[in-house]
Amino acid sequence: MSRRKRTTTTQKLATIFTTSSIIFLAGCEPQQEANPSDNEPDIEIAVLPEPIYAPAGLGAQEGEWQAYGADISSTKYTSLAQIDATNVNELEIVWRRPAVDGYYLEMNPNQRYSTTWNAAPVIKNNVAYITNGLGLVEAYNPGNGETIWVQEPAGGLEGLPGAPTRGVAYWSDGTDERILVQRGIYLYALNAQTGELFPDFGVNGRVDLQLMPPEFTRFRWGGAPMVVRDTVLIGQSMSDTFDNKEAYRGDVHAFDVRTGEILWTYNTIPQEGQFGTDTWQDRSWSYTGHAPVWSLFSADEELGMVYMPITSSTNDMYGGHRVGDNLFSQSIVAVDVETGQRIWHFQTVHHGLWDYDPPAAPILMDITVDGREIKAVTQLTKQAFAFVFDRETGEPVWDIEERQVPQSTVPGEVTSPTQPFPTKPAAFDRQGATVDNLIDFTPEIFAEALEIFNNYVTGPMFTPPSVRTENGTQGTIQLPGSQGGADVQGAAFDPETGYLYIPSITSPFVADLLPGDPEVTNLAYTKGSRRWVGGPQGLPLFKPPYGRITAINMNTGDHVWMVPNGDGPRDNPAIAHLNLGQLGAPGRPTPLLTKTLLFIGEGFTNQRPGGRIPREMPVEIATNSGGPMFRAYDKTDGSIVWEVELEAGTTSPPISYLYEGEQYITVAIGDREYGPELVAFKLNSN
């Protein structure tokens, strides 16, 4: 890890405004002119107050929902307590809203859109703002779900097709209210009152994000913009399919919220003269690409610091062409929001080969460890670790050890001899494709699982990918798989108790390689099927829970409780007679934490056999296979206090807010059979 000492927590900018008689020096001490001339006008000097920034890690405030994750600290927490364990059974559905407003369907009655609506609304000043199933912004009344305004697609009907994104960002300076949204290759600034574009933002209200050379891939992103102070942050997404070792970087860009002017760019793979190039042997930094922030940012506005989870570089399962640790791939990097300069970083995986991206926005939290108050940031990982740092300095809160890990047998590959393991908190999900982790409900089931297991390369976590051969092993079983452990759904943090609630899944994945075809690629090896692997008799290969929630006391680093989330395959004929309890569903749901309860669904049910899921494998045990239940858990012990069966699994983060004095909870649902919609709950008023 590398870090540099931060000398100030905020930068004071001296901005001078002049008139014939007044000079304002923002951030400077007032000064009086010596011996002013009687012929000169009197000069009054005043000091403009420094901006007041909201403290980090406190969750949503004043009954609103200020950002995708409640706040830019990504806590997913609100202190609202109108709904509690004594009355949660009185919740009822009070309105529903489709993923695409009828206005667009009138424009094109045949318009198609994704069944997976993963956006979360932002609630400000009694108005909700959300990106719809086409990536366009809709404003609606959060009390009844009725439309207030919709964003006009650029180019009319021709601009209507689009892809969903996770949401919008809200910004205001007290007089000007803006909604910032990325759609396709553009960043838009909309008037929060009307939905109209600000013509002086970029060119006619939008900024072109296609900043990479045209020979590389078209810009795309599935995240949500984040506004920190007056800066808009944008990441990008890139395919996991790499044709060649050359690719473009997934750089992070920052823009002025008023003008759209680009303020800075952070090279996620360091370039000539930048820190970190020595971790790329043979100048491999010069042609290796990707390593984007494909998920979400978080930030501390008071400190003026942004926390970026940077992900995999080309190729994510073979790195013989990029020998070295490969900064800043698979790292958390803290930068100055005003300049984009790196303050500190920590690499969670050296020379990544497992697709173990840091997949979720880092979570900001104030904790007290051994009597010491710490402004902390926690990065969850797919390998089921929670790395905890002082968010200002990057110092680990608990020791992180470099431990020996298995080495690759693939020709040309040079694996890192060690990987970082936090000493606290303990891992929150199952790790390692080992015999001890195999399913063993009965001796017969265990024997069948072992037979399947022996067809693959197996071992502890960080066992490298292997070459699949016709008469040999079929690749390496990786546990956790490439979607976690934890993933983009993140976790929820309670600033009052210091507890962190993490949903995770146990879902293995086959990391198999094939020799590269020189007619197609210059990579020595490329990824194979990357398939999910099932177990005996339609059961998973490893032990449950397959979806779980873990509560951790972040003041001590100790686990408090863990419970399965969802029934899972307990009705499978091979084990139904055992009368097992909940086994958990691997649906990757997002949590919502209130002052009294933890709300969470089972995640979406959008998978089907074929592709990465073998056709003989029951879809309900594959990753992203949740269920239709939405629940409230007791935060203290994980017991279920309320549940409701919906028409489909949950696809978006649930949120909670106040409208006209009443607390609401909304969550999106949908699958291949049920059209996506937003569902709103409120206490029965009768």
# chains A, B, ... in the order shown; residues from 1 in each chain; ligands from 1
$ residues_around --residues "Gly626 in chain A" --least-positions-apart "5" --cutoff "10 Å" --atoms "only C-alpha atoms" --output "number ranges by chain"
A: 547, 565-568, 584-589, 601-607, 619-621, 648-651
$ residues_around --residues "range 50-61 of chain A" --least-positions-apart "4" --cutoff "7 Å" --atoms "only C-alpha atoms" --output "number ranges by chain"
A: 27, 65-66, 70-71, 73, 75-78, 300-302, 364-366, 495
$ residues_around --residues "Leu209 in chain A" --least-positions-apart "3" --cutoff "7 Å" --atoms "only C-alpha atoms" --output "list of chain:residue names"
A:Ile185, A:Tyr186, A:Leu187, A:Phe219
$ write_last_selection --atoms "C-alpha atoms" --output "compact mmCIF listing (two decimals), in the first residue's frame"
# COMPACT_ATOMS: atom_id res chain seq x y z
CA ILE A 185 -22.45 8.42 -24.19
CA TYR A 186 -23.76 11.66 -22.63
CA LEU A 187 -23.99 13.33 -19.23
CA PHE A 219 -18.53 4.52 -23.74
$ residues_around --residues "range 496-513 of chain A" --least-positions-apart "2" --cutoff "6 Å" --atoms "only C-alpha atoms" --output "MDAnalysis selection string"
chainID A and resid 465:468 475:481 485:486 491:494 526:528 530:533 546:554 586 623
$ closest_residue --among "A:Pro417, A:Pro411, A:Pro460, A:Gly340" --to "Gln383 in chain A" --atoms "only C-alpha atoms"
A:Pro460
$ select_by_dssp --residues "range 60-230 of chain A" --states "helix (DSSP H, G or I)" --output "list in words"
Val88, Asn89, Glu90, Gly102, Tyr103, Tyr104, Leu105, Glu106, Met107, Gly156, Leu157, Glu158 and Gly159 of chain A
$ residues_around --residues "Ala224 in chain A" --least-positions-apart "4" --cutoff "7 Å" --atoms "only C-alpha atoms" --output "VMD selection string"
chain A and resid 165 to 168 296
$ residues_around --residues "Leu91 in chain A" --least-positions-apart "2" --cutoff "12 Å" --atoms "only C-alpha atoms" --output "VMD selection string"
chain A and resid 82 to 89 93 to 94 630 to 632 642 to 644 662 to 666 680 to 686
$ residues_around --residues "range 226-229 of chain A" --least-positions-apart "5" --cutoff "7 Å" --atoms "only C-alpha atoms" --output "number ranges by chain"
A: 169, 171, 297, 299, 301
$ write_last_selection --atoms "N, CA, C and O atoms" --output "PDB file, in the first residue's frame"
ATOM      1  N   ALA A 169     -28.126  11.872  -9.818  1.00  0.00           N
ATOM      2  CA  ALA A 169     -27.570  12.643  -8.706  1.00  0.00           C
ATOM      3  C   ALA A 169     -28.305  13.973  -8.645  1.00  0.00           C
ATOM      4  O   ALA A 169     -28.699  14.529  -9.684  1.00  0.00           O
ATOM      5  N   TRP A 171     -28.238  18.005  -7.201  1.00  0.00           N
ATOM      6  CA  TRP A 171     -27.357  19.094  -6.736  1.00  0.00           C
ATOM      7  C   TRP A 171     -28.148  20.378  -6.664  1.00  0.00           C
ATOM      8  O   TRP A 171     -29.017  20.650  -7.508  1.00  0.00           O
ATOM      9  N   PHE A 297     -19.291   5.220  -6.664  1.00  0.00           N
ATOM     10  CA  PHE A 297     -18.353   5.959  -5.829  1.00  0.00           C
ATOM     11  C   PHE A 297     -18.957   6.218  -4.449  1.00  0.00           C
ATOM     12  O   PHE A 297     -20.165   6.108  -4.242  1.00  0.00           O
ATOM     13  N   ALA A 299     -17.998   9.277  -1.037  1.00  0.00           N
ATOM     14  CA  ALA A 299     -17.193  10.472  -0.804  1.00  0.00           C
ATOM     15  C   ALA A 299     -17.433  11.032   0.585  1.00  0.00           C
ATOM     16  O   ALA A 299     -18.487  10.823   1.193  1.00  0.00           O
ATOM     17  N   GLU A 301     -17.547  14.700   1.899  1.00  0.00           N
ATOM     18  CA  GLU A 301     -17.573  16.071   1.408  1.00  0.00           C
ATOM     19  C   GLU A 301     -16.766  17.002   2.298  1.00  0.00           C
ATOM     20  O   GLU A 301     -16.134  17.954   1.821  1.00  0.00           O
TER      21      GLU A 301
END
$ select_by_dssp --residues "range 295-543 of chain A" --states "strand (DSSP E or B)" --output "ChimeraX atom specification"
/A:298-300,305-310,313,331-336,342-347,363-369,372-380,386-390,396,400-404,418-422,433,438,457,459,466-467,476-478,481,484,492-494,499-505,509-515,525-527,532,542
$ closest_residue --among "A:Ser331, A:Phe441, A:Ala524, A:Gln537" --to "Leu580 in chain A" --atoms "only C-alpha atoms"
A:Phe441
$ closest_residue --among "A:Glu673, A:Glu402, A:Asp487, A:Asp325" --to "Asp357 in chain A" --atoms "only C-alpha atoms"
A:Asp487
$ closest_residue --among "A:Ala163, A:Ile148, A:Ile452, A:Ala361" --to "Ala99 in chain A" --atoms "only C-alpha atoms"
A:Ala163
$ closest_residue --among "A:Phe346, A:Tyr657, A:Phe216, A:Tyr188" --to "Val203 in chain A" --atoms "only C-alpha atoms"
A:Tyr188
